[in-house]
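Worksheet for the structure shown next.
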Number of protein chains: 4
Amino acid sequence: MNREDVYRHQNFGNPSGIGSRCALVLVDFVNGFVDPDQFGGSHIEQAVHASVPLLDAFRVARLPIVHTRVVYSDDGSDANVFCMKVPGLLRLTEDAPMSQIVPQLTPRAGERVLRKTSASAFFSTGLAQWLAFRGVDTVVVAGCTTSGCIRATVVDSMQSNFRTVVVSDCVGDRALEPHHANLFDMRQKYADVLGRDELLALLSAKR
Amino acid sequence: MNREDVYRHQNFGNPSGIGSRCALVLVDFVNGFVDPDQFGGSHIEQAVHASVPLLDAFRVARLPIVHTRVVYSDDGSDANVFCMKVPGLLRLTEDAPMSQIVPQLTPRAGERVLRKTSASAFFSTGLAQWLAFRGVDTVVVAGCTTSGCIRATVVDSMQSNFRTVVVSDCVGDRALEPHHANLFDMRQKYADVLGRDELLALLSAKR
Amino acid sequence: MNREDVYRHQNFGNPSGIGSRCALVLVDFVNGFVDPDQFGGSHIEQAVHASVPLLDAFRVARLPIVHTRVVYSDDGSDANVFCMKVPGLLRLTEDAPMSQIVPQLTPRAGERVLRKTSASAFFSTGLAQWLAFRGVDTVVVAGCTTSGCIRATVVDSMQSNFRTVVVSDCVGDRALEPHHANLFDMRQKYADVLGRDELLALLSAKR
Amino acid sequence: MNREDVYRHQNFGNPSGIGSRCALVLVDFVNGFVDPDQFGGSHIEQAVHASVPLLDAFRVARLPIVHTRVVYSDDGSDANVFCMKVPGLLRLTEDAPMSQIVPQLTPRAGERVLRKTSASAFFSTGLAQWLAFRGVDTVVVAGCTTSGCIRATVVDSMQSNFRTVVVSDCVGDRALEPHHANLFDMRQKYADVLGRDELLALLSAKR
């Protein structure tokens with residue numbers, strides 16, 4: 001049996017669907033993750049472009065919007081095991097140009113900007129409680145990288161009991177193989193994987 | 001550039017190493033995850049066999065040992081989004097044969113048996129605090145599946161600031177591609193990936 | 001200024017109110033917490049009696065219901081700092097008579113029974129996610145003790161962003177002074193404190 | 001039986017003691033919590049003064065030091081249930097004078113400054129993992145208010161499995177009754193309550 005067959009045989013990959021209220025979580029769309037000499041590359045730039053209409057749609061619908069940034073303190077006092085594996089993360093400080101959100105997706109007042117020092121947007125950030133307080137039952141995830149902070153965020157979103165959607169053309173990675181491998185894993189076990197226009201059509205049908 | 005080169009260029013994949021006190025976490029080595037008609041298959045059986053000497057070594061060294069099981073309540077009162085994606089999980093109840101730990105790795109008194117309803121062994125289980133209280137700074141992970149509960153556990157172990165080791169021949173999956181893809185991701189970003197004998201040699205050198 | 005005046009002057013004690021969907025959390029109403037020779041005493045027995053109609057009302061309204069028990073493993077493998085302060089807790093094992101829920105409040109199928117080893121019903125138990133998945137925005141708390149697991153649960157409920165109500169005649173303590181002191185603190189900062197009949201009237205008005 | 005007798009009869013109030021490595025957590029010693037027209041009053045000013053030599057001792061011993069501040073975002077995008085009970089909290093923004101740490105206790109480079117929007121310094125802040133990574137097994141708590149953020153922090157410190165010490169003359173409150181009532185509760189169930197000089201003597205004896 002091939003990979004798809006094995007999962008089908010064991011009844012994985014069912015949809016969790018879309019509930020009554022969605023939020024958009026844009027993960028780590030910052031300058032350093034677009035630049036191939038920092039943490040970026042490949043098709044992340046395209047994912048940024050594809051996310052502009054996605055963000056617009058959530059703004060028009062007045063749904064909750066969250067942007068995340070990786071931010072370590074200037075004095076390194078919050079260094080952690082993640083920095084042992086990837087030492088360059090410590091350069092992502094509050095004012096460093098590479099840790100600023102890309103200009104195309106600049107947050108507006110009222111949108112939540114979450115600073116994090118881990119992979120998951122949920123880990124020790126209070127995001128789950130923030131979403132629950134706003135009546136959210138479905139989390140739509142875009143950003144980068146698919147095999148890194150997107151995957152970690154999606155697993156935690158599901159574990160926090162939000163129906164979760166990964167927008168396939170609005171997530172990007174520094175290399176293509178891990179991108180595709182992680183989309184497969186997430187679709188089978190944790191989230192629905194939808195194209196941007198497919199998701200936007202579903203959202204307008206709901207209104 | 002190929003995948004490896006991209007990650008090397010950005011200085012990923014550094015070792016986090018082994019600290020002063022290790023614990024062993026055996027994830028979901030239960031009957032249902034060995035059986036290809038339930039949730040198992042491929043080389044998970046081999047991973048069980050390879051883990052017997054690993055468990056012995058931790059017992060001899062009197063280091064903390066944790067076994068996890070997926071256990072849902074008989075009345076389904078703890079159903080969650082995970083069960084929407086994979087409905088069969090709800091059959092893993094306290095007394096179901098398929099949710100019992102495999103006979104080769106039966107827990108002994110004093111070893112912690114953690115019940116969980118999520119992918120990660122750390123999520124809402126108190127595992128991080130249990131390990132910290134026992135002076136652990138390094139978590140050694142074996143079990144199944146590599147692309148599922150192992151990956152989720154490893155990410156959370158790193159996020160909880162434990163140096164983390166995945167034992168490559170003691171983790172198994174229901175299909176080979178996701179197994180290898182996830183070992184790659186974990187080695188680059190979250191954990192050291194070591195063969196069992198390599199790890200055991202490091203552990204005895206420490207004593 | 002007296003205590004009340006100080007808090008009024010600083011604008012504490014505003015109501016958080018009742019939202020659109022309530023859940024009932026009955027904390028540690030087990031045999032050992034009614035018995036003054038174990039962990040109980042004073043007016044806890046009265047709080048049990050007062051809680052019977054409260055539980056009935058939630059059953060009739062088909063709202064989510066949670067019962068918590070303190071349960072440590074038989075082999076003591078989950079001992080923690082709490083047991084250093086209060087060693088007797090380790091006797092509250094799965095089958096010990098004193099850790100069984102009192103007969104007047106026996107859980108029914110579909111009601112969640114949470115085992116915990118900490119003070120708060122939320123700490124490392126997944127309760128917040130369970131409630132969020134069921135659309136709950138308001139947590140009604142009864143049980144014992146007011147100055148112990150009730151207070152810890154109420155603080156975490158508020159921190160998890162649930163509007164929180166303490167039912168004043170359905171919470172009890174082993175001594176009266178801490179009971180009253182903690183009701184004061186909770187009303188000022190974390191929760192609304194309502195009598196049972198006042199709460200039930202509010203709930204029926206909502207339907 | 002009086003309150004003390006009841007707790008003694010049930011074997012509460014045992015010491016959890018001091019382990020091998022302490023950290024100091026100074027909770028919310030900011031201008032607004034010293035000012036009786038904001039959130040302060042009573043003996044909080046004294047607690048600040050008493051904490052200066054405590055902080056010095058931890059600096060000399062090169063032990064980990066954490067300062068917390070309550071900080072809400074300027075646009076109110078992180079408002080929560082806590083602000084429904086105490087609306088004035090939303091004025092504690094990043095640059096507001098009242099949310100700055102008092103001049104006597106200004107943090108130095110390498111000391112962790114934690115921003116929080118909840119009562120507990122541990123809730124959704126990553127503090128437990130930060131401490132564990134630094135080998136800490138004992139948390140020493142000072143700050144304000146005893147019946148608010150100190151109590152919430154102490155409960156979570158214990159639940160996170162750190163031996164916990166409250167420094168009785170280095171914690172303050174806006175009114176005296178809640179201060180004493182909460183010291184009683186914490187001593188019985190969650191922490192050791194020691195005077196500053198008693199603690200400092202124990203620390204030097206350890207070195």
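Within each chain, counting starts at residue 1; across the structure tokens, chains are named A, B, ... in the order shown, with ligands numbered 1 upward in that order.
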
When the cut-off is 7 Å and we count only C-alpha atoms, which residues of chain B are near chain A, given as a count of residues only?
-> 30

Do you know which residues are at most 10 Å from Arg207 of chain B counting only C-alpha atoms, after dropping those on the same chain fewer than 3 positions away, and could you put them as a ChimeraX atom specification?
-> /B:20,61,202-204

Same-sequence superposition of chain D onto chain B, all C-alpha, as a PDB file with C-alpha atoms, in the first residue's frame:
```
ATOM      1  CA  MET D   1      20.495  24.197  -3.371  1.00  0.00           C
ATOM      2  CA  ASN D   2      19.051  20.973  -2.031  1.00  0.00           C
ATOM      3  CA  ARG D   3      17.157  20.694   1.228  1.00  0.00           C
ATOM      4  CA  GLU D   4      20.235  19.915   3.350  1.00  0.00           C
ATOM      5  CA  ASP D   5      22.202  22.814   1.856  1.00  0.00           C
ATOM      6  CA  VAL D   6      19.438  25.335   2.490  1.00  0.00           C
ATOM      7  CA  TYR D   7      19.307  24.406   6.171  1.00  0.00           C
ATOM      8  CA  ARG D   8      23.102  24.401   6.517  1.00  0.00           C
ATOM      9  CA  HIS D   9      23.333  27.818   4.849  1.00  0.00           C
ATOM     10  CA  GLN D  10      20.923  29.222   7.446  1.00  0.00           C
ATOM     11  CA  ASN D  11      22.773  27.493  10.321  1.00  0.00           C
ATOM     12  CA  PHE D  12      20.044  25.108  11.398  1.00  0.00           C
ATOM     13  CA  GLY D  13      20.671  21.627  12.768  1.00  0.00           C
ATOM     14  CA  ASN D  14      23.092  22.394  15.589  1.00  0.00           C
ATOM     15  CA  PRO D  15      23.138  19.874  18.437  1.00  0.00           C
ATOM     16  CA  SER D  16      21.375  20.699  21.697  1.00  0.00           C
ATOM     17  CA  GLY D  17      23.278  17.847  23.307  1.00  0.00           C
ATOM     18  CA  ILE D  18      22.716  15.860  26.459  1.00  0.00           C
ATOM     19  CA  GLY D  19      22.549  17.567  29.833  1.00  0.00           C
ATOM     20  CA  SER D  20      23.083  16.210  33.309  1.00  0.00           C
ATOM     21  CA  ARG D  21      19.998  14.012  33.767  1.00  0.00           C
ATOM     22  CA  CYS D  22      17.938  12.149  31.161  1.00  0.00           C
ATOM     23  CA  ALA D  23      14.430  10.745  31.278  1.00  0.00           C
ATOM     24  CA  LEU D  24      12.942   8.250  28.832  1.00  0.00           C
ATOM     25  CA  VAL D  25       9.512   8.911  27.338  1.00  0.00           C
ATOM     26  CA  LEU D  26       7.985   5.951  25.497  1.00  0.00           C
ATOM     27  CA  VAL D  27       5.113   7.303  23.419  1.00  0.00           C
ATOM     28  CA  ASP D  28       2.040   5.195  22.613  1.00  0.00           C
ATOM     29  CA  PHE D  29       3.667   1.797  22.311  1.00  0.00           C
ATOM     30  CA  VAL D  30       0.262   0.128  22.645  1.00  0.00           C
ATOM     31  CA  ASN D  31      -1.224  -2.871  20.842  1.00  0.00           C
ATOM     32  CA  GLY D  32      -3.340  -0.793  18.470  1.00  0.00           C
ATOM     33  CA  PHE D  33      -0.300   1.036  17.129  1.00  0.00           C
ATOM     34  CA  VAL D  34       1.478  -2.169  16.221  1.00  0.00           C
ATOM     35  CA  ASP D  35      -1.520  -3.617  14.356  1.00  0.00           C
ATOM     36  CA  PRO D  36      -1.750  -2.442  10.694  1.00  0.00           C
ATOM     37  CA  ASP D  37      -5.525  -2.867  10.798  1.00  0.00           C
ATOM     38  CA  GLN D  38      -5.806  -0.413  13.664  1.00  0.00           C
ATOM     39  CA  PHE D  39      -3.298   2.480  13.786  1.00  0.00           C
ATOM     40  CA  GLY D  40      -0.033   0.685  13.148  1.00  0.00           C
ATOM     41  CA  GLY D  41       1.991  -1.073  10.511  1.00  0.00           C
ATOM     42  CA  SER D  42       5.268  -0.772   8.677  1.00  0.00           C
ATOM     43  CA  HIS D  43       8.267  -0.818  11.042  1.00  0.00           C
ATOM     44  CA  ILE D  44       6.582  -0.039  14.374  1.00  0.00           C
ATOM     45  CA  GLU D  45       7.006  -3.648  15.512  1.00  0.00           C
ATOM     46  CA  GLN D  46      10.768  -3.298  14.940  1.00  0.00           C
ATOM     47  CA  ALA D  47      10.819  -0.099  16.965  1.00  0.00           C
ATOM     48  CA  VAL D  48       9.189  -1.978  19.861  1.00  0.00           C
ATOM     49  CA  HIS D  49      11.880  -4.643  19.761  1.00  0.00           C
ATOM     50  CA  ALA D  50      14.674  -2.085  19.551  1.00  0.00           C
ATOM     51  CA  SER D  51      13.220  -0.270  22.565  1.00  0.00           C
ATOM     52  CA  VAL D  52      13.487  -3.220  24.963  1.00  0.00           C
ATOM     53  CA  PRO D  53      17.227  -2.735  25.633  1.00  0.00           C
ATOM     54  CA  LEU D  54      16.684   1.037  25.765  1.00  0.00           C
ATOM     55  CA  LEU D  55      14.104   0.667  28.518  1.00  0.00           C
ATOM     56  CA  ASP D  56      16.364  -1.793  30.339  1.00  0.00           C
ATOM     57  CA  ALA D  57      19.244   0.678  30.284  1.00  0.00           C
ATOM     58  CA  PHE D  58      17.116   3.416  31.822  1.00  0.00           C
ATOM     59  CA  ARG D  59      15.896   0.986  34.493  1.00  0.00           C
ATOM     60  CA  VAL D  60      19.423  -0.067  35.370  1.00  0.00           C
ATOM     61  CA  ALA D  61      20.522   3.576  35.529  1.00  0.00           C
ATOM     62  CA  ARG D  62      17.462   4.369  37.704  1.00  0.00           C
ATOM     63  CA  LEU D  63      16.471   7.291  35.509  1.00  0.00           C
ATOM     64  CA  PRO D  64      12.865   8.533  35.282  1.00  0.00           C
ATOM     65  CA  ILE D  65      10.680   6.579  32.846  1.00  0.00           C
ATOM     66  CA  VAL D  66       7.332   7.595  31.346  1.00  0.00           C
ATOM     67  CA  HIS D  67       4.938   5.526  29.237  1.00  0.00           C
ATOM     68  CA  THR D  68       2.056   7.183  27.413  1.00  0.00           C
ATOM     69  CA  ARG D  69      -1.230   5.733  26.253  1.00  0.00           C
ATOM     70  CA  VAL D  70      -4.052   7.347  24.295  1.00  0.00           C
ATOM     71  CA  VAL D  71      -7.148   6.796  26.464  1.00  0.00           C
ATOM     72  CA  TYR D  72     -10.631   8.210  25.878  1.00  0.00           C
ATOM     73  CA  SER D  73     -13.440   7.725  28.368  1.00  0.00           C
ATOM     74  CA  ASP D  74     -16.004   4.960  27.809  1.00  0.00           C
ATOM     75  CA  ASP D  75     -18.884   7.418  27.446  1.00  0.00           C
ATOM     76  CA  GLY D  76     -17.095   9.617  24.914  1.00  0.00           C
ATOM     77  CA  SER D  77     -17.392  12.628  27.226  1.00  0.00           C
ATOM     78  CA  ASP D  78     -13.868  13.780  26.360  1.00  0.00           C
ATOM     79  CA  ALA D  79     -14.240  13.708  22.570  1.00  0.00           C
ATOM     80  CA  ASN D  80     -12.252  16.467  20.859  1.00  0.00           C
ATOM     81  CA  VAL D  81     -11.252  17.843  17.466  1.00  0.00           C
ATOM     82  CA  PHE D  82      -8.620  15.109  17.089  1.00  0.00           C
ATOM     83  CA  CYS D  83     -11.492  12.578  16.954  1.00  0.00           C
ATOM     84  CA  MET D  84     -13.127  14.526  14.141  1.00  0.00           C
ATOM     85  CA  LYS D  85     -10.030  13.951  12.015  1.00  0.00           C
ATOM     86  CA  VAL D  86      -9.460  10.367  13.232  1.00  0.00           C
ATOM     87  CA  PRO D  87     -12.737   8.929  14.606  1.00  0.00           C
ATOM     88  CA  GLY D  88     -11.230   5.553  15.490  1.00  0.00           C
ATOM     89  CA  LEU D  89      -9.309   7.126  18.373  1.00  0.00           C
ATOM     90  CA  LEU D  90     -12.467   7.008  20.496  1.00  0.00           C
ATOM     91  CA  ARG D  91     -12.182   3.215  20.602  1.00  0.00           C
ATOM     92  CA  LEU D  92      -8.966   3.543  22.642  1.00  0.00           C
ATOM     93  CA  THR D  93     -10.698   3.262  26.022  1.00  0.00           C
ATOM     94  CA  GLU D  94      -9.174   2.346  29.387  1.00  0.00           C
ATOM     95  CA  ASP D  95      -9.816  -1.406  29.093  1.00  0.00           C
ATOM     96  CA  ALA D  96      -9.690  -1.888  25.309  1.00  0.00           C
ATOM     97  CA  PRO D  97      -7.000  -4.448  24.396  1.00  0.00           C
ATOM     98  CA  MET D  98      -5.662  -2.134  21.688  1.00  0.00           C
ATOM     99  CA  SER D  99      -4.935   0.651  24.161  1.00  0.00           C
ATOM    100  CA  GLN D 100      -2.798  -1.527  26.465  1.00  0.00           C
ATOM    101  CA  ILE D 101       0.963  -1.104  26.414  1.00  0.00           C
ATOM    102  CA  VAL D 102       2.658  -3.882  24.427  1.00  0.00           C
ATOM    103  CA  PRO D 103       3.739  -6.833  26.611  1.00  0.00           C
ATOM    104  CA  GLN D 104       7.457  -6.404  25.834  1.00  0.00           C
ATOM    105  CA  LEU D 105       7.446  -2.985  27.477  1.00  0.00           C
ATOM    106  CA  THR D 106       5.054  -3.451  30.411  1.00  0.00           C
ATOM    107  CA  PRO D 107       5.503  -0.604  32.904  1.00  0.00           C
ATOM    108  CA  ARG D 108       6.821  -1.358  36.391  1.00  0.00           C
ATOM    109  CA  ALA D 109       5.788   0.238  39.673  1.00  0.00           C
ATOM    110  CA  GLY D 110       7.273   3.719  39.998  1.00  0.00           C
ATOM    111  CA  GLU D 111       7.255   4.339  36.262  1.00  0.00           C
ATOM    112  CA  ARG D 112       4.766   6.982  35.227  1.00  0.00           C
ATOM    113  CA  VAL D 113       1.899   5.938  32.958  1.00  0.00           C
ATOM    114  CA  LEU D 114       0.357   9.011  31.346  1.00  0.00           C
ATOM    115  CA  ARG D 115      -3.062   8.929  29.731  1.00  0.00           C
ATOM    116  CA  LYS D 116      -3.551  11.475  26.967  1.00  0.00           C
ATOM    117  CA  THR D 117      -6.153  12.481  24.384  1.00  0.00           C
ATOM    118  CA  SER D 118      -3.879  14.661  22.256  1.00  0.00           C
ATOM    119  CA  ALA D 119      -0.884  14.108  20.038  1.00  0.00           C
ATOM    120  CA  SER D 120       1.754  15.553  22.372  1.00  0.00           C
ATOM    121  CA  ALA D 121       2.666  13.767  25.597  1.00  0.00           C
ATOM    122  CA  PHE D 122       3.130  17.223  27.124  1.00  0.00           C
ATOM    123  CA  PHE D 123      -0.164  18.840  26.171  1.00  0.00           C
ATOM    124  CA  SER D 124      -2.329  19.247  29.286  1.00  0.00           C
ATOM    125  CA  THR D 125      -0.720  16.294  31.038  1.00  0.00           C
ATOM    126  CA  GLY D 126       1.625  17.905  33.547  1.00  0.00           C
ATOM    127  CA  LEU D 127       4.579  16.006  32.069  1.00  0.00           C
ATOM    128  CA  ALA D 128       6.920  19.020  31.951  1.00  0.00           C
ATOM    129  CA  GLN D 129       6.415  19.735  35.652  1.00  0.00           C
ATOM    130  CA  TRP D 130       6.781  16.064  36.543  1.00  0.00           C
ATOM    131  CA  LEU D 131      10.134  15.942  34.734  1.00  0.00           C
ATOM    132  CA  ALA D 132      11.364  19.239  36.172  1.00  0.00           C
ATOM    133  CA  PHE D 133      10.586  18.066  39.718  1.00  0.00           C
ATOM    134  CA  ARG D 134      12.803  15.043  39.101  1.00  0.00           C
ATOM    135  CA  GLY D 135      15.742  17.174  37.965  1.00  0.00           C
ATOM    136  CA  VAL D 136      15.510  16.132  34.331  1.00  0.00           C
ATOM    137  CA  ASP D 137      17.046  18.419  31.708  1.00  0.00           C
ATOM    138  CA  THR D 138      17.118  15.998  28.764  1.00  0.00           C
ATOM    139  CA  VAL D 139      14.216  14.013  27.334  1.00  0.00           C
ATOM    140  CA  VAL D 140      14.877  10.876  25.274  1.00  0.00           C
ATOM    141  CA  VAL D 141      11.923  10.005  23.062  1.00  0.00           C
ATOM    142  CA  ALA D 142      10.974   6.665  21.553  1.00  0.00           C
ATOM    143  CA  GLY D 143       7.646   5.252  20.398  1.00  0.00           C
ATOM    144  CA  CYS D 144       5.205   5.884  17.616  1.00  0.00           C
ATOM    145  CA  THR D 145       4.303   7.360  15.272  1.00  0.00           C
ATOM    146  CA  THR D 146       7.255   9.415  14.110  1.00  0.00           C
ATOM    147  CA  SER D 147       5.055  11.760  12.077  1.00  0.00           C
ATOM    148  CA  GLY D 148       2.371  11.988  14.749  1.00  0.00           C
ATOM    149  CA  CYS D 149       2.735  11.766  18.494  1.00  0.00           C
ATOM    150  CA  ILE D 150       6.541  11.577  18.388  1.00  0.00           C
ATOM    151  CA  ARG D 151       6.825  14.817  16.413  1.00  0.00           C
ATOM    152  CA  ALA D 152       4.246  16.581  18.593  1.00  0.00           C
ATOM    153  CA  THR D 153       5.957  15.365  21.773  1.00  0.00           C
ATOM    154  CA  VAL D 154       9.407  16.375  20.548  1.00  0.00           C
ATOM    155  CA  VAL D 155       8.305  19.898  19.612  1.00  0.00           C
ATOM    156  CA  ASP D 156       6.719  20.361  23.036  1.00  0.00           C
ATOM    157  CA  SER D 157       9.713  18.886  24.822  1.00  0.00           C
ATOM    158  CA  MET D 158      11.954  21.435  23.115  1.00  0.00           C
ATOM    159  CA  GLN D 159       9.452  24.233  23.764  1.00  0.00           C
ATOM    160  CA  SER D 160       9.393  23.182  27.423  1.00  0.00           C
ATOM    161  CA  ASN D 161      13.168  23.745  27.329  1.00  0.00           C
ATOM    162  CA  PHE D 162      14.347  20.181  27.628  1.00  0.00           C
ATOM    163  CA  ARG D 163      17.260  19.121  25.477  1.00  0.00           C
ATOM    164  CA  THR D 164      15.590  16.445  23.389  1.00  0.00           C
ATOM    165  CA  VAL D 165      16.851  13.264  21.716  1.00  0.00           C
ATOM    166  CA  VAL D 166      14.908  11.171  19.220  1.00  0.00           C
ATOM    167  CA  VAL D 167      16.148   7.583  19.087  1.00  0.00           C
ATOM    168  CA  SER D 168      15.978   6.896  15.382  1.00  0.00           C
ATOM    169  CA  ASP D 169      15.653   3.097  15.487  1.00  0.00           C
ATOM    170  CA  CYS D 170      13.218   3.172  18.405  1.00  0.00           C
ATOM    171  CA  VAL D 171      10.590   5.295  16.667  1.00  0.00           C
ATOM    172  CA  GLY D 172       8.280   3.872  14.037  1.00  0.00           C
ATOM    173  CA  ASP D 173       5.537   4.904  11.692  1.00  0.00           C
ATOM    174  CA  ARG D 174       2.751   3.424   9.610  1.00  0.00           C
ATOM    175  CA  ALA D 175       4.472   4.555   6.400  1.00  0.00           C
ATOM    176  CA  LEU D 176       8.102   5.252   5.601  1.00  0.00           C
ATOM    177  CA  GLU D 177       8.008   8.622   3.807  1.00  0.00           C
ATOM    178  CA  PRO D 178       6.496  10.568   6.710  1.00  0.00           C
ATOM    179  CA  HIS D 179       8.904   8.794   9.067  1.00  0.00           C
ATOM    180  CA  HIS D 180      11.945  10.083   7.194  1.00  0.00           C
ATOM    181  CA  ALA D 181      10.496  13.528   6.492  1.00  0.00           C
ATOM    182  CA  ASN D 182       9.798  14.070  10.177  1.00  0.00           C
ATOM    183  CA  LEU D 183      13.199  12.843  11.313  1.00  0.00           C
ATOM    184  CA  PHE D 184      14.660  15.474   8.993  1.00  0.00           C
ATOM    185  CA  ASP D 185      12.501  18.272  10.412  1.00  0.00           C
ATOM    186  CA  MET D 186      13.178  17.298  14.018  1.00  0.00           C
ATOM    187  CA  ARG D 187      16.947  17.064  13.525  1.00  0.00           C
ATOM    188  CA  GLN D 188      17.094  20.484  11.889  1.00  0.00           C
ATOM    189  CA  LYS D 189      15.003  22.362  14.408  1.00  0.00           C
ATOM    190  CA  TYR D 190      14.036  20.607  17.593  1.00  0.00           C
ATOM    191  CA  ALA D 191      16.094  17.632  18.669  1.00  0.00           C
ATOM    192  CA  ASP D 192      19.197  15.548  18.233  1.00  0.00           C
ATOM    193  CA  VAL D 193      18.520  12.348  16.317  1.00  0.00           C
ATOM    194  CA  LEU D 194      20.702   9.477  17.491  1.00  0.00           C
ATOM    195  CA  GLY D 195      20.801   5.724  17.004  1.00  0.00           C
ATOM    196  CA  ARG D 196      20.040   3.677  20.082  1.00  0.00           C
ATOM    197  CA  ASP D 197      23.544   2.335  20.576  1.00  0.00           C
ATOM    198  CA  GLU D 198      25.071   5.745  20.021  1.00  0.00           C
ATOM    199  CA  LEU D 199      22.814   7.147  22.741  1.00  0.00           C
ATOM    200  CA  LEU D 200      23.525   4.300  25.155  1.00  0.00           C
ATOM    201  CA  ALA D 201      27.261   4.801  24.683  1.00  0.00           C
ATOM    202  CA  LEU D 202      26.899   8.514  25.471  1.00  0.00           C
ATOM    203  CA  LEU D 203      24.874   7.697  28.566  1.00  0.00           C
ATOM    204  CA  SER D 204      27.418   5.255  29.962  1.00  0.00           C
ATOM    205  CA  ALA D 205      30.262   7.657  29.217  1.00  0.00           C
ATOM    206  CA  LYS D 206      28.459  10.193  31.452  1.00  0.00           C
ATOM    207  CA  ARG D 207      28.256   7.929  34.487  1.00  0.00           C
TER     208      ARG D 207
END
```

Run DSSP on the backbone and give me the residues of segment 156-201 of chain C it puts in alpha helix (DSSP H), as a VMD selection string.
-> chain C and resid 156 to 159 176 to 189 196 to 201

Could you save those same residues with C-alpha atoms as a PDB file, in the first residue's frame?
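The file below, again.pdb, is the result:
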```
ATOM      1  CA  ASP C 156      -7.545  29.913  36.455  1.00  0.00           C
ATOM      2  CA  SER C 157     -11.064  30.081  35.065  1.00  0.00           C
ATOM      3  CA  MET C 158     -10.798  33.878  34.909  1.00  0.00           C
ATOM      4  CA  GLN C 159      -7.262  33.664  33.517  1.00  0.00           C
ATOM      5  CA  LEU C 176     -14.937  29.783  58.354  1.00  0.00           C
ATOM      6  CA  GLU C 177     -12.389  32.602  58.331  1.00  0.00           C
ATOM      7  CA  PRO C 178     -10.549  31.471  55.193  1.00  0.00           C
ATOM      8  CA  HIS C 179     -13.938  30.818  53.547  1.00  0.00           C
ATOM      9  CA  HIS C 180     -15.039  34.439  53.998  1.00  0.00           C
ATOM     10  CA  ALA C 181     -11.631  35.943  53.245  1.00  0.00           C
ATOM     11  CA  ASN C 182     -11.451  34.083  49.940  1.00  0.00           C
ATOM     12  CA  LEU C 183     -14.991  34.976  48.911  1.00  0.00           C
ATOM     13  CA  PHE C 184     -13.969  38.611  49.415  1.00  0.00           C
ATOM     14  CA  ASP C 185     -10.836  38.274  47.260  1.00  0.00           C
ATOM     15  CA  MET C 186     -12.638  36.414  44.479  1.00  0.00           C
ATOM     16  CA  ARG C 187     -15.514  38.912  44.307  1.00  0.00           C
ATOM     17  CA  GLN C 188     -13.147  41.856  44.100  1.00  0.00           C
ATOM     18  CA  LYS C 189     -10.850  40.489  41.429  1.00  0.00           C
ATOM     19  CA  ARG C 196     -27.584  29.625  44.379  1.00  0.00           C
ATOM     20  CA  ASP C 197     -31.158  30.815  43.945  1.00  0.00           C
ATOM     21  CA  GLU C 198     -30.019  34.127  42.531  1.00  0.00           C
ATOM     22  CA  LEU C 199     -27.941  32.262  39.947  1.00  0.00           C
ATOM     23  CA  LEU C 200     -30.737  29.852  39.067  1.00  0.00           C
ATOM     24  CA  ALA C 201     -33.115  32.763  38.558  1.00  0.00           C
TER      25      ALA C 201
END
```

Strand (DSSP E) residues, from DSSP on the backbone, in segment 14-54 of chain C, as a PyMOL selection string | chain C and resi 22-27

Could the residues in this selection be saved with N, CA and C atoms as a CSV table (one decimal), in the first residue's frame?
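The resulting out30.csv:
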```csv
chain,number,residue,atom,x,y,z
C,22,CYS,N,-23.3,28.6,30.0
C,22,CYS,CA,-22.7,28.2,31.2
C,22,CYS,C,-22.3,26.8,31.3
C,23,ALA,N,-21.3,26.5,32.0
C,23,ALA,CA,-21.0,25.1,32.4
C,23,ALA,C,-20.9,25.1,34.0
C,24,LEU,N,-21.1,23.9,34.5
C,24,LEU,CA,-21.0,23.8,36.0
C,24,LEU,C,-19.8,22.9,36.3
C,25,VAL,N,-18.9,23.4,37.2
C,25,VAL,CA,-17.7,22.7,37.6
C,25,VAL,C,-17.9,22.4,39.1
C,26,LEU,N,-18.0,21.2,39.5
C,26,LEU,CA,-18.1,20.8,40.9
C,26,LEU,C,-16.8,20.3,41.3
C,27,VAL,N,-16.1,21.0,42.2
C,27,VAL,CA,-14.7,20.8,42.6
C,27,VAL,C,-14.6,19.9,43.8
```
